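Trainee: Provided herewith: input_16.cif, mmCIF, C-alpha atoms (C1' of nucleotides).
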data_final
loop_
_atom_site.label_atom_id
_atom_site.label_comp_id
_atom_site.auth_asym_id
_atom_site.auth_seq_id
_atom_site.Cartn_x
_atom_site.Cartn_y
_atom_site.Cartn_z
CA MET F 1 -27.14 5.91 -2.36
CA GLU F 2 -26.17 2.75 -4.15
CA HIS F 3 -27.46 1.38 -7.41
CA ASN F 4 -26.67 -2.27 -7.73
CA PRO F 5 -28.38 -4.55 -5.22
CA GLU F 6 -25.30 -6.46 -4.02
CA SER F 7 -23.26 -3.44 -2.99
CA CYS F 8 -26.39 -2.04 -1.42
CA MET F 9 -26.91 -5.07 0.82
CA LEU F 10 -23.24 -5.04 1.68
CA ASP F 11 -23.52 -1.42 2.73
CA LYS F 12 -26.46 -2.26 4.95
CA THR F 13 -24.31 -4.71 6.84
CA LEU F 14 -21.45 -2.27 7.16
CA ASN F 15 -23.75 0.41 8.50
CA VAL F 16 -24.58 -1.93 11.35
CA ILE F 17 -21.05 -2.81 12.37
CA VAL F 18 -19.11 0.31 11.41
CA GLY F 19 -18.42 2.76 14.17
CA LYS F 20 -15.24 3.38 16.04
CA TRP F 21 -16.03 1.05 18.95
CA LYS F 22 -18.89 -1.11 17.71
CA LEU F 23 -16.79 -4.19 17.16
CA ALA F 24 -15.27 -3.88 20.60
CA ILE F 25 -18.74 -3.60 22.10
CA LEU F 26 -19.99 -6.61 20.18
CA HIS F 27 -16.92 -8.56 21.17
CA LEU F 28 -17.66 -7.97 24.84
CA LEU F 29 -21.33 -8.77 24.47
CA PHE F 30 -20.58 -12.02 22.68
CA GLN F 31 -19.02 -13.01 25.99
CA GLY F 32 -22.33 -12.45 27.73
CA THR F 33 -24.55 -9.83 29.29
CA LYS F 34 -22.76 -6.72 30.49
CA ARG F 35 -23.72 -3.64 32.45
CA PHE F 36 -23.05 -0.20 31.05
CA SER F 37 -20.13 0.30 33.39
CA GLU F 38 -18.66 -3.06 32.49
CA LEU F 39 -18.64 -2.10 28.85
CA GLN F 40 -17.08 1.21 29.72
CA HIS F 41 -14.32 -0.41 31.72
CA GLY F 42 -13.81 -3.04 29.03
CA ILE F 43 -13.14 -0.29 26.51
CA PRO F 44 -11.10 2.20 28.52
CA ASP F 45 -10.80 4.92 25.86
CA ILE F 46 -14.49 5.25 25.03
CA THR F 47 -16.54 8.08 26.46
CA LYS F 48 -19.98 7.61 27.92
CA LYS F 49 -21.53 9.68 25.19
CA VAL F 50 -20.15 7.59 22.37
CA LEU F 51 -20.76 4.33 24.18
CA THR F 52 -24.39 5.34 24.62
CA ALA F 53 -24.69 6.39 21.00
CA HIS F 54 -23.26 3.12 19.70
CA LEU F 55 -25.43 1.08 22.01
CA ARG F 56 -28.52 2.93 20.81
CA GLU F 57 -27.63 2.25 17.20
CA LEU F 58 -27.06 -1.44 17.83
CA GLU F 59 -30.34 -1.56 19.70
CA GLU F 60 -32.05 0.20 16.81
CA ASP F 61 -30.73 -2.50 14.49
CA ASP F 62 -32.09 -5.18 16.82
CA ILE F 63 -28.61 -6.55 17.48
CA ILE F 64 -28.63 -5.94 21.20
CA LYS F 65 -31.25 -5.45 23.87
CA ARG F 66 -31.23 -3.10 26.81
CA ILE F 67 -32.82 -3.94 30.13
CA VAL F 68 -33.29 -1.28 32.76
CA TYR F 69 -33.67 -2.49 36.33
CA ALA F 70 -35.70 -0.12 38.46
CA GLU F 71 -33.25 0.05 41.30
CA VAL F 72 -31.13 2.61 43.05
CA PRO F 73 -28.44 2.94 42.09
CA PRO F 74 -29.62 2.27 38.55
CA ARG F 75 -28.58 -0.87 36.73
CA VAL F 76 -28.76 -1.31 32.96
CA GLU F 77 -27.77 -4.51 31.25
CA TYR F 78 -26.98 -5.02 27.62
CA SER F 79 -26.97 -8.33 25.82
CA LEU F 80 -27.16 -9.70 22.31
CA THR F 81 -30.56 -10.47 20.89
CA GLU F 82 -31.14 -13.87 19.40
CA TYR F 83 -31.01 -12.16 16.04
CA GLY F 84 -27.75 -10.49 17.03
CA TYR F 85 -26.04 -13.84 17.18
CA SER F 86 -26.68 -14.26 13.47
CA LEU F 87 -23.85 -11.79 12.93
CA GLN F 88 -21.30 -14.21 14.33
CA PRO F 89 -20.43 -16.16 11.16
CA THR F 90 -20.04 -12.99 9.18
CA LEU F 91 -17.86 -11.38 11.82
CA GLN F 92 -15.77 -14.51 11.97
CA SER F 93 -15.28 -14.37 8.23
CA LEU F 94 -14.13 -10.78 8.55
CA GLN F 95 -11.79 -11.66 11.35
CA GLU F 96 -10.23 -14.55 9.49
CA TRP F 97 -9.66 -12.49 6.40
CA GLY F 98 -8.19 -9.75 8.55
CA SER F 99 -5.73 -12.11 10.16
CA ASN F 100 -4.71 -13.42 6.80
CA HIS F 101 -4.45 -9.87 5.50
CA ALA F 102 -2.17 -8.79 8.32
CA GLU F 103 0.12 -11.67 7.49
CA HIS F 104 -0.09 -10.95 3.78
CA MET F 105 0.89 -7.32 4.23
CA ARG F 106 3.68 -8.23 6.62
CA SER F 107 5.29 -10.64 4.19
CA LYS F 108 4.77 -8.17 1.37
CA ARG F 109 6.58 -5.48 3.33
CA GLU F 110 9.40 -7.90 4.03
CA ARG F 111 9.85 -8.61 0.35
CA GLN F 112 9.95 -4.88 -0.35
CA SER F 113 12.46 -3.98 2.33
CA SER F 114 14.74 -6.81 1.21
CA THR F 115 15.28 -5.22 -2.19
CA LYS F 116 18.75 -3.79 -2.39
CA PHE F 117 17.79 -0.53 -4.08
CA PRO F 118 15.05 1.47 -2.44
CA ASP F 119 13.76 2.95 -5.69
CA ASP F 120 13.92 -0.06 -7.93
CA GLN F 121 10.16 -0.54 -7.70
CA PRO F 122 9.10 0.53 -11.18
CA ALA F 123 5.61 1.81 -11.68
CA VAL F 124 3.66 -0.79 -13.57
CA SER F 125 3.52 0.41 -17.13
CA VAL F 126 3.28 -1.04 -20.59
CA GLU F 127 3.99 0.39 -23.99
CA MET T 128 -6.31 1.51 18.59
CA GLU T 129 -7.82 -1.75 19.63
CA HIS T 130 -6.82 -4.06 22.43
CA ASN T 131 -8.21 -7.51 21.91
CA PRO T 132 -6.87 -9.37 18.88
CA GLU T 133 -10.19 -10.38 17.33
CA SER T 134 -11.68 -6.91 17.10
CA CYS T 135 -8.34 -5.71 15.87
CA MET T 136 -8.28 -8.15 12.97
CA LEU T 137 -11.87 -7.31 12.19
CA ASP T 138 -10.98 -3.65 12.06
CA LYS T 139 -8.18 -4.38 9.64
CA THR T 140 -10.67 -5.92 7.26
CA LEU T 141 -13.07 -3.05 7.60
CA ASN T 142 -10.33 -0.53 6.91
CA VAL T 143 -9.84 -2.22 3.55
CA ILE T 144 -13.46 -2.22 2.42
CA VAL T 145 -14.88 0.83 4.15
CA GLY T 146 -15.10 3.95 2.08
CA LYS T 147 -18.09 5.49 0.47
CA TRP T 148 -17.61 3.87 -2.93
CA LYS T 149 -15.19 1.03 -2.31
CA LEU T 150 -17.76 -1.70 -2.49
CA ALA T 151 -19.12 -0.31 -5.72
CA ILE T 152 -15.62 -0.23 -7.17
CA LEU T 153 -14.93 -3.79 -6.08
CA HIS T 154 -18.25 -4.91 -7.46
CA LEU T 155 -17.34 -3.57 -10.88
CA LEU T 156 -13.85 -5.01 -10.77
CA PHE T 157 -15.16 -8.44 -9.83
CA GLN T 158 -16.77 -8.33 -13.25
CA GLY T 159 -13.39 -7.90 -14.86
CA THR T 160 -10.73 -5.36 -15.77
CA LYS T 161 -11.97 -1.82 -16.14
CA ARG T 162 -10.50 1.46 -17.27
CA PHE T 163 -10.64 4.53 -15.06
CA SER T 164 -13.39 6.03 -17.16
CA GLU T 165 -15.40 2.83 -17.10
CA LEU T 166 -15.34 2.86 -13.33
CA GLN T 167 -16.35 6.49 -13.34
CA HIS T 168 -19.28 5.87 -15.63
CA GLY T 169 -20.24 2.78 -13.67
CA ILE T 170 -20.52 4.90 -10.54
CA PRO T 171 -22.10 8.10 -11.84
CA ASP T 172 -22.01 10.08 -8.60
CA ILE T 173 -18.36 9.60 -7.77
CA THR T 174 -15.84 12.32 -8.48
CA LYS T 175 -12.47 11.69 -10.07
CA LYS T 176 -10.69 12.76 -6.94
CA VAL T 177 -12.46 10.29 -4.70
CA LEU T 178 -12.32 7.52 -7.29
CA THR T 179 -8.57 8.02 -7.51
CA ALA T 180 -8.19 8.09 -3.74
CA HIS T 181 -10.15 4.87 -3.26
CA LEU T 182 -8.28 3.14 -6.05
CA ARG T 183 -4.96 4.11 -4.48
CA GLU T 184 -6.02 2.72 -1.15
CA LEU T 185 -7.17 -0.56 -2.64
CA GLU T 186 -3.91 -0.75 -4.55
CA GLU T 187 -2.00 -0.05 -1.34
CA ASP T 188 -3.80 -2.98 0.27
CA ASP T 189 -2.85 -5.19 -2.68
CA ILE T 190 -6.49 -5.77 -3.58
CA ILE T 191 -6.28 -4.29 -7.05
CA LYS T 192 -3.55 -3.60 -9.56
CA ARG T 193 -3.13 -0.63 -11.83
CA ILE T 194 -1.60 -0.86 -15.26
CA VAL T 195 -0.67 2.26 -17.17
CA TYR T 196 -0.39 1.93 -20.92
CA ALA T 197 2.04 4.40 -22.42
CA GLU T 198 -0.29 5.65 -25.11
CA VAL T 199 -1.91 8.87 -26.13
CA PRO T 200 -4.57 9.36 -25.08
CA PRO T 201 -3.60 7.66 -21.84
CA ARG T 202 -5.17 4.39 -20.82
CA VAL T 203 -5.12 3.00 -17.29
CA GLU T 204 -6.64 -0.32 -16.41
CA TYR T 205 -7.62 -1.57 -12.99
CA SER T 206 -8.18 -5.18 -12.07
CA LEU T 207 -8.31 -7.39 -9.01
CA THR T 208 -5.12 -9.02 -7.89
CA GLU T 209 -5.13 -12.72 -7.29
CA TYR T 210 -5.05 -11.90 -3.61
CA GLY T 211 -7.97 -9.53 -4.10
CA TYR T 212 -10.21 -12.41 -5.05
CA SER T 213 -9.73 -13.81 -1.56
CA LEU T 214 -12.15 -11.13 -0.38
CA GLN T 215 -15.03 -12.68 -2.26
CA PRO T 216 -16.28 -15.18 0.34
CA THR T 217 -16.19 -12.55 3.05
CA LEU T 218 -18.01 -10.02 0.90
CA GLN T 219 -20.60 -12.62 0.05
CA SER T 220 -21.13 -13.32 3.72
CA LEU T 221 -21.65 -9.61 4.32
CA GLN T 222 -24.05 -9.40 1.44
CA GLU T 223 -26.13 -12.34 2.57
CA TRP T 224 -26.40 -11.04 6.08
CA GLY T 225 -27.34 -7.63 4.69
CA SER T 226 -30.14 -9.10 2.62
CA ASN T 227 -31.42 -11.00 5.59
CA HIS T 228 -31.13 -7.90 7.73
CA ALA T 229 -33.12 -5.78 5.30
CA GLU T 230 -35.88 -8.37 5.45
CA HIS T 231 -35.62 -8.62 9.22
CA MET T 232 -35.99 -4.89 9.69
CA ARG T 233 -38.84 -4.71 7.21
CA SER T 234 -40.88 -7.33 9.02
CA LYS T 235 -40.02 -5.76 12.35
CA ARG T 236 -41.32 -2.41 11.13
CA GLU T 237 -44.49 -4.10 9.94
CA ARG T 238 -45.12 -5.59 13.34
CA GLN T 239 -44.62 -2.19 14.94
CA SER T 240 -46.91 -0.26 12.63
CA SER T 241 -49.66 -2.82 13.13
CA THR T 242 -49.96 -2.03 16.82
CA LYS T 243 -53.18 -0.16 17.47
CA PHE T 244 -51.73 2.39 19.88
CA PRO T 245 -48.67 4.26 18.70
CA ASP T 246 -47.20 4.69 22.15
CA ASP T 247 -47.86 1.27 23.61
CA GLN T 248 -44.23 0.25 23.19
CA PRO T 249 -43.08 0.22 26.78
CA ALA T 250 -39.43 0.70 27.54
CA VAL T 251 -37.98 -2.58 28.68
CA SER T 252 -37.69 -2.35 32.42
CA VAL T 253 -37.76 -4.63 35.40
CA GLU T 254 -38.25 -4.01 39.07
"C1'" DC Z 255 -24.72 4.52 38.05
"C1'" DC Z 256 -26.23 5.81 33.78
"C1'" DG Z 257 -26.74 8.72 31.17
"C1'" DT Z 258 -27.72 13.95 28.46
"C1'" DA Z 259 -26.10 18.70 26.90
"C1'" DT Z 260 -22.82 21.51 24.79
"C1'" DC Z 261 -18.94 22.75 22.38
"C1'" DC Z 262 -15.44 21.77 19.31
"C1'" DG Z 263 -11.71 19.37 16.24
"C1'" DT Z 264 -10.83 16.34 12.43
"C1'" DG Z 265 -11.06 13.58 8.34
"C1'" DG Z 266 -13.80 11.88 4.58
"C1'" DC Z 267 -16.04 13.46 0.90
"C1'" DG Z 268 -17.91 16.90 -2.68
"C1'" DA Z 269 -17.38 20.84 -6.15
"C1'" DT Z 270 -14.70 23.01 -9.17
"C1'" DA Z 271 -10.79 24.28 -11.82
"C1'" DC Z 272 -6.53 23.05 -13.87
"C1'" DT Z 273 -2.77 19.78 -16.26
"C1'" DG Z 274 0.35 16.20 -18.88
"C1'" DC K 275 -8.10 10.38 -20.74
"C1'" DA K 276 -6.65 10.24 -16.27
"C1'" DG K 277 -5.58 12.42 -13.11
"C1'" DT K 278 -3.93 16.77 -9.32
"C1'" DA K 279 -4.87 21.11 -6.64
"C1'" DT K 280 -7.87 23.88 -3.70
"C1'" DC K 281 -11.43 24.94 -1.03
"C1'" DG K 282 -15.23 23.97 1.87
"C1'" DC K 283 -18.89 21.17 4.35
"C1'" DC K 284 -20.54 18.18 7.73
"C1'" DA K 285 -21.07 13.92 10.35
"C1'" DC K 286 -18.46 11.42 13.67
"C1'" DG K 287 -16.26 11.34 17.63
"C1'" DG K 288 -13.69 13.58 21.92
"C1'" DA K 289 -13.80 16.67 26.26
"C1'" DT K 290 -16.17 18.43 29.74
"C1'" DA K 291 -19.94 19.60 32.60
"C1'" DC K 292 -24.42 18.66 34.40
"C1'" DG K 293 -28.72 15.73 35.76
"C1'" DG K 294 -32.09 11.83 37.58
#
Just give me the structure as structure tokens.
Mentor:
Amino acid sequence: MEHNPESCMLDKTLNVIVGKWKLAILHLLFQGTKRFSELQHGIPDITKKVLTAHLRELEEDDIIKRIVYAEVPPRVEYSLTEYGYSLQPTLQSLQEWGSNHAEHMRSKRERQSSTKFPDDQPAVSVE
Amino acid sequence: MEHNPESCMLDKTLNVIVGKWKLAILHLLFQGTKRFSELQHGIPDITKKVLTAHLRELEEDDIIKRIVYAEVPPRVEYSLTEYGYSLQPTLQSLQEWGSNHAEHMRSKRERQSSTKFPDDQPAVSVE
DNA sequence: CCGTATCCGTGGCGATACTG
DNA sequence: CAGTATCGCCACGGATACGG
């Protein structure tokens, strides 16, 4: 699906962490082991189906591990694998850039709204 | 859409770089200024519509700039903004993790396929 | 408690044709 | 050359009900 090796490797990383709630899940698991229900309560808007699906994908990518305790009522605990922790620096880099980006866009918007004439933003063009 | 600040900032970054061809576009533009048609030829499978859409989004996020030359036939050049270059370290981090991940999954698959019995992978469970 | 099964809505993307 | 306009598909995710 991709031709040049760099973009390809980048895509592989994104495939692991992209998903509507994957970052929220990882965020919780970086805090420590969590049961299924703890994850669900930690992310109030997620449904069980999607939570399960995301957890299976992360497990498939060896980022998290799933331990089923043979008890009644059932107990299932999720935690990061040792390998999963290797994501941390990369995620931190993303987070830092995101923070900076939020600030960048905010100050950009300020500059725009402070212009006296709403339509004095000429399209960039050259003759 | 997200509650805790870290995941939220992470999401902001992802929103900028996620898109089927955005990384490919950025990869080309990191090489230097490119015309619309150069981008299109550099990414053979992309359609003009989607290329345009992605470029507009990147422009909206202040990652790239678009310069229209008032000529016939028309010429439009795209290039990274100064701010756009600030993505580079983060993208490199993603790329490196992706490379490592590809290797990790490869060696994991090897270990699996070398097991004598196909179904001797017990589900992780504890009593 | 921890899921699976089913149905369905939406948005990202593709294909194709047209335009200044 | 550098787009826009239309139409259509399909994977992702949401809602709800059921099951071990």
Trainee: Could you work out how far CA of Ser206 in chain T lies from CA of Asn142 in chain T, giving the answer in Å with one decimal?
Mentor: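 Interatomic distance, CA of Asn142 in chain T to CA of Ser206 in chain T: 19.7 Å.
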Trainee: Given identical sequences, can you show me chain F least-squares superposed on chain T via all its Cα atoms in order, as a PDB file with C-alpha atoms, in the frame of the given file?
Mentor:
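New file out09.pdb:
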ATOM      1  CA  MET F   1      -6.280   1.512  18.722  1.00  0.00           C
ATOM      2  CA  GLU F   2      -7.794  -1.786  19.705  1.00  0.00           C
ATOM      3  CA  HIS F   3      -6.814  -4.105  22.503  1.00  0.00           C
ATOM      4  CA  ASN F   4      -8.201  -7.540  21.938  1.00  0.00           C
ATOM      5  CA  PRO F   5      -6.841  -9.387  18.911  1.00  0.00           C
ATOM      6  CA  GLU F   6     -10.170 -10.411  17.346  1.00  0.00           C
ATOM      7  CA  SER F   7     -11.662  -6.937  17.129  1.00  0.00           C
ATOM      8  CA  CYS F   8      -8.313  -5.731  15.883  1.00  0.00           C
ATOM      9  CA  MET F   9      -8.256  -8.164  12.960  1.00  0.00           C
ATOM     10  CA  LEU F  10     -11.852  -7.320  12.211  1.00  0.00           C
ATOM     11  CA  ASP F  11     -10.958  -3.651  12.072  1.00  0.00           C
ATOM     12  CA  LYS F  12      -8.153  -4.395   9.652  1.00  0.00           C
ATOM     13  CA  THR F  13     -10.640  -5.920   7.267  1.00  0.00           C
ATOM     14  CA  LEU F  14     -13.051  -3.038   7.614  1.00  0.00           C
ATOM     15  CA  ASN F  15     -10.313  -0.529   6.921  1.00  0.00           C
ATOM     16  CA  VAL F  16      -9.824  -2.205   3.569  1.00  0.00           C
ATOM     17  CA  ILE F  17     -13.430  -2.214   2.440  1.00  0.00           C
ATOM     18  CA  VAL F  18     -14.847   0.852   4.174  1.00  0.00           C
ATOM     19  CA  GLY F  19     -15.068   3.982   2.112  1.00  0.00           C
ATOM     20  CA  LYS F  20     -18.064   5.556   0.518  1.00  0.00           C
ATOM     21  CA  TRP F  21     -17.611   3.911  -2.889  1.00  0.00           C
ATOM     22  CA  LYS F  22     -15.172   1.072  -2.276  1.00  0.00           C
ATOM     23  CA  LEU F  23     -17.762  -1.659  -2.451  1.00  0.00           C
ATOM     24  CA  ALA F  24     -19.141  -0.271  -5.678  1.00  0.00           C
ATOM     25  CA  ILE F  25     -15.643  -0.209  -7.137  1.00  0.00           C
ATOM     26  CA  LEU F  26     -14.946  -3.761  -6.038  1.00  0.00           C
ATOM     27  CA  HIS F  27     -18.275  -4.876  -7.409  1.00  0.00           C
ATOM     28  CA  LEU F  28     -17.375  -3.536 -10.838  1.00  0.00           C
ATOM     29  CA  LEU F  29     -13.895  -4.996 -10.753  1.00  0.00           C
ATOM     30  CA  PHE F  30     -15.207  -8.416  -9.796  1.00  0.00           C
ATOM     31  CA  GLN F  31     -16.842  -8.295 -13.214  1.00  0.00           C
ATOM     32  CA  GLY F  32     -13.451  -7.880 -14.834  1.00  0.00           C
ATOM     33  CA  THR F  33     -10.799  -5.362 -15.753  1.00  0.00           C
ATOM     34  CA  LYS F  34     -12.026  -1.801 -16.119  1.00  0.00           C
ATOM     35  CA  ARG F  35     -10.532   1.463 -17.286  1.00  0.00           C
ATOM     36  CA  PHE F  36     -10.653   4.518 -15.074  1.00  0.00           C
ATOM     37  CA  SER F  37     -13.403   6.049 -17.158  1.00  0.00           C
ATOM     38  CA  GLU F  38     -15.425   2.861 -17.076  1.00  0.00           C
ATOM     39  CA  LEU F  39     -15.359   2.891 -13.312  1.00  0.00           C
ATOM     40  CA  GLN F  40     -16.334   6.524 -13.313  1.00  0.00           C
ATOM     41  CA  HIS F  41     -19.283   5.920 -15.589  1.00  0.00           C
ATOM     42  CA  GLY F  42     -20.274   2.834 -13.614  1.00  0.00           C
ATOM     43  CA  ILE F  43     -20.531   4.956 -10.484  1.00  0.00           C
ATOM     44  CA  PRO F  44     -22.091   8.163 -11.781  1.00  0.00           C
ATOM     45  CA  ASP F  45     -21.991  10.161  -8.531  1.00  0.00           C
ATOM     46  CA  ILE F  46     -18.315   9.665  -7.724  1.00  0.00           C
ATOM     47  CA  THR F  47     -15.798  12.380  -8.462  1.00  0.00           C
ATOM     48  CA  LYS F  48     -12.454  11.721 -10.065  1.00  0.00           C
ATOM     49  CA  LYS F  49     -10.638  12.776  -6.946  1.00  0.00           C
ATOM     50  CA  VAL F  50     -12.401  10.317  -4.693  1.00  0.00           C
ATOM     51  CA  LEU F  51     -12.301   7.544  -7.258  1.00  0.00           C
ATOM     52  CA  THR F  52      -8.546   8.018  -7.515  1.00  0.00           C
ATOM     53  CA  ALA F  53      -8.149   8.087  -3.755  1.00  0.00           C
ATOM     54  CA  HIS F  54     -10.125   4.880  -3.264  1.00  0.00           C
ATOM     55  CA  LEU F  55      -8.276   3.138  -6.048  1.00  0.00           C
ATOM     56  CA  ARG F  56      -4.948   4.102  -4.498  1.00  0.00           C
ATOM     57  CA  GLU F  57      -6.010   2.717  -1.146  1.00  0.00           C
ATOM     58  CA  LEU F  58      -7.168  -0.561  -2.646  1.00  0.00           C
ATOM     59  CA  GLU F  59      -3.916  -0.759  -4.558  1.00  0.00           C
ATOM     60  CA  GLU F  60      -1.997  -0.066  -1.362  1.00  0.00           C
ATOM     61  CA  ASP F  61      -3.791  -2.996   0.255  1.00  0.00           C
ATOM     62  CA  ASP F  62      -2.846  -5.211  -2.688  1.00  0.00           C
ATOM     63  CA  ILE F  63      -6.490  -5.785  -3.589  1.00  0.00           C
ATOM     64  CA  ILE F  64      -6.295  -4.296  -7.046  1.00  0.00           C
ATOM     65  CA  LYS F  65      -3.577  -3.607  -9.571  1.00  0.00           C
ATOM     66  CA  ARG F  66      -3.150  -0.639 -11.846  1.00  0.00           C
ATOM     67  CA  ILE F  67      -1.655  -0.892 -15.304  1.00  0.00           C
ATOM     68  CA  VAL F  68      -0.700   2.215 -17.213  1.00  0.00           C
ATOM     69  CA  TYR F  69      -0.453   1.870 -20.978  1.00  0.00           C
ATOM     70  CA  ALA F  70       1.982   4.320 -22.506  1.00  0.00           C
ATOM     71  CA  GLU F  71      -0.348   5.581 -25.166  1.00  0.00           C
ATOM     72  CA  VAL F  72      -1.981   8.805 -26.192  1.00  0.00           C
ATOM     73  CA  PRO F  73      -4.599   9.329 -25.123  1.00  0.00           C
ATOM     74  CA  PRO F  74      -3.617   7.628 -21.880  1.00  0.00           C
ATOM     75  CA  ARG F  75      -5.197   4.355 -20.861  1.00  0.00           C
ATOM     76  CA  VAL F  76      -5.167   2.983 -17.318  1.00  0.00           C
ATOM     77  CA  GLU F  77      -6.706  -0.330 -16.421  1.00  0.00           C
ATOM     78  CA  TYR F  78      -7.642  -1.575 -13.010  1.00  0.00           C
ATOM     79  CA  SER F  79      -8.234  -5.176 -12.074  1.00  0.00           C
ATOM     80  CA  LEU F  80      -8.343  -7.375  -9.010  1.00  0.00           C
ATOM     81  CA  THR F  81      -5.146  -9.018  -7.894  1.00  0.00           C
ATOM     82  CA  GLU F  82      -5.165 -12.727  -7.293  1.00  0.00           C
ATOM     83  CA  TYR F  83      -5.078 -11.893  -3.615  1.00  0.00           C
ATOM     84  CA  GLY F  84      -7.997  -9.518  -4.097  1.00  0.00           C
ATOM     85  CA  TYR F  85     -10.234 -12.400  -5.025  1.00  0.00           C
ATOM     86  CA  SER F  86      -9.746 -13.814  -1.545  1.00  0.00           C
ATOM     87  CA  LEU F  87     -12.140 -11.120  -0.358  1.00  0.00           C
ATOM     88  CA  GLN F  88     -15.026 -12.669  -2.252  1.00  0.00           C
ATOM     89  CA  PRO F  89     -16.269 -15.164   0.363  1.00  0.00           C
ATOM     90  CA  THR F  90     -16.170 -12.555   3.065  1.00  0.00           C
ATOM     91  CA  LEU F  91     -18.001 -10.012   0.946  1.00  0.00           C
ATOM     92  CA  GLN F  92     -20.576 -12.621   0.080  1.00  0.00           C
ATOM     93  CA  SER F  93     -21.110 -13.321   3.750  1.00  0.00           C
ATOM     94  CA  LEU F  94     -21.646  -9.623   4.342  1.00  0.00           C
ATOM     95  CA  GLN F  95     -24.042  -9.393   1.462  1.00  0.00           C
ATOM     96  CA  GLU F  96     -26.095 -12.352   2.592  1.00  0.00           C
ATOM     97  CA  TRP F  97     -26.379 -11.045   6.103  1.00  0.00           C
ATOM     98  CA  GLY F  98     -27.333  -7.659   4.720  1.00  0.00           C
ATOM     99  CA  SER F  99     -30.116  -9.115   2.634  1.00  0.00           C
ATOM    100  CA  ASN F 100     -31.405 -11.020   5.593  1.00  0.00           C
ATOM    101  CA  HIS F 101     -31.102  -7.903   7.726  1.00  0.00           C
ATOM    102  CA  ALA F 102     -33.115  -5.805   5.305  1.00  0.00           C
ATOM    103  CA  GLU F 103     -35.865  -8.383   5.454  1.00  0.00           C
ATOM    104  CA  HIS F 104     -35.614  -8.636   9.222  1.00  0.00           C
ATOM    105  CA  MET F 105     -35.972  -4.896   9.694  1.00  0.00           C
ATOM    106  CA  ARG F 106     -38.825  -4.721   7.214  1.00  0.00           C
ATOM    107  CA  SER F 107     -40.859  -7.353   9.015  1.00  0.00           C
ATOM    108  CA  LYS F 108     -39.995  -5.768  12.341  1.00  0.00           C
ATOM    109  CA  ARG F 109     -41.297  -2.420  11.137  1.00  0.00           C
ATOM    110  CA  GLU F 110     -44.463  -4.096   9.927  1.00  0.00           C
ATOM    111  CA  ARG F 111     -45.098  -5.600  13.331  1.00  0.00           C
ATOM    112  CA  GLN F 112     -44.595  -2.191  14.923  1.00  0.00           C
ATOM    113  CA  SER F 113     -46.868  -0.262  12.598  1.00  0.00           C
ATOM    114  CA  SER F 114     -49.605  -2.864  13.041  1.00  0.00           C
ATOM    115  CA  THR F 115     -49.944  -2.087  16.737  1.00  0.00           C
ATOM    116  CA  LYS F 116     -53.133  -0.197  17.354  1.00  0.00           C
ATOM    117  CA  PHE F 117     -51.682   2.346  19.769  1.00  0.00           C
ATOM    118  CA  PRO F 118     -48.618   4.207  18.610  1.00  0.00           C
ATOM    119  CA  ASP F 119     -47.166   4.613  22.095  1.00  0.00           C
ATOM    120  CA  ASP F 120     -47.866   1.216  23.534  1.00  0.00           C
ATOM    121  CA  GLN F 121     -44.233   0.193  23.114  1.00  0.00           C
ATOM    122  CA  PRO F 122     -43.080   0.190  26.726  1.00  0.00           C
ATOM    123  CA  ALA F 123     -39.438   0.715  27.450  1.00  0.00           C
ATOM    124  CA  VAL F 124     -37.982  -2.553  28.605  1.00  0.00           C
ATOM    125  CA  SER F 125     -37.717  -2.300  32.347  1.00  0.00           C
ATOM    126  CA  VAL F 126     -37.789  -4.571  35.341  1.00  0.00           C
ATOM    127  CA  GLU F 127     -38.321  -3.919  39.002  1.00  0.00           C
TER     128      GLU F 127
END
Trainee: Could you list, as a PyMOL selection string, every residue within 12 Å of range 262-270 of chain Z, counting only C-alpha atoms (C1' of nucleotides) and ignoring same-chain residues fewer than 3 positions away?
Mentor: (chain T and resi 145-148+172-178+180-181) or (chain K and resi 279-290)
Trainee: Enclose range 219-235 of chain T, meaning all of its atoms listed in the file, in a box aligned along x, y and z, pad it by 3 Å on each side, and list the centre and edge lengths in Å to one decimal, as JSON.
Mentor:
{"center_x": -30.7, "center_y": -9.0, "center_z": 6.2, "size_x": 26.3, "size_y": 14.6, "size_z": 18.3}
Trainee: Name the residues captured by the PyMOL selection byres ((chain T) within 6 of (chain F)) when it is applied to the shown file; answer as an NGL selection string.
Mentor: :T and (134 or 136-137 or 139-140 or 150-151 or 194-197 or 217 or 220-222 or 225-226 or 251-254)
Trainee: Would you mind completing range 29-33 of chain F so that it carries N, CA, C and O atoms, and writing it out as a tab-separated table (two decimals), in the coordinates of the input?
Mentor:
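Just written: selection.tsv:
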chain	number	residue	atom	x	y	z
F	29	LEU	N	-19.99	-8.22	24.26
F	29	LEU	CA	-21.33	-8.77	24.47
F	29	LEU	C	-21.44	-10.22	24.01
F	29	LEU	O	-22.29	-10.96	24.51
F	30	PHE	N	-20.59	-10.61	23.07
F	30	PHE	CA	-20.58	-12.02	22.68
F	30	PHE	C	-20.11	-12.89	23.84
F	30	PHE	O	-20.37	-14.10	23.88
F	31	GLN	N	-19.44	-12.28	24.80
F	31	GLN	CA	-19.02	-13.01	25.99
F	31	GLN	C	-20.16	-13.15	27.01
F	31	GLN	O	-20.04	-13.92	27.95
F	32	GLY	N	-21.20	-12.36	26.81
F	32	GLY	CA	-22.33	-12.45	27.73
F	32	GLY	C	-22.87	-11.07	28.07
F	32	GLY	O	-22.35	-10.06	27.61
F	33	THR	N	-23.92	-11.07	28.87
F	33	THR	CA	-24.55	-9.83	29.29
F	33	THR	C	-23.56	-8.95	30.06
F	33	THR	O	-22.75	-9.46	30.84
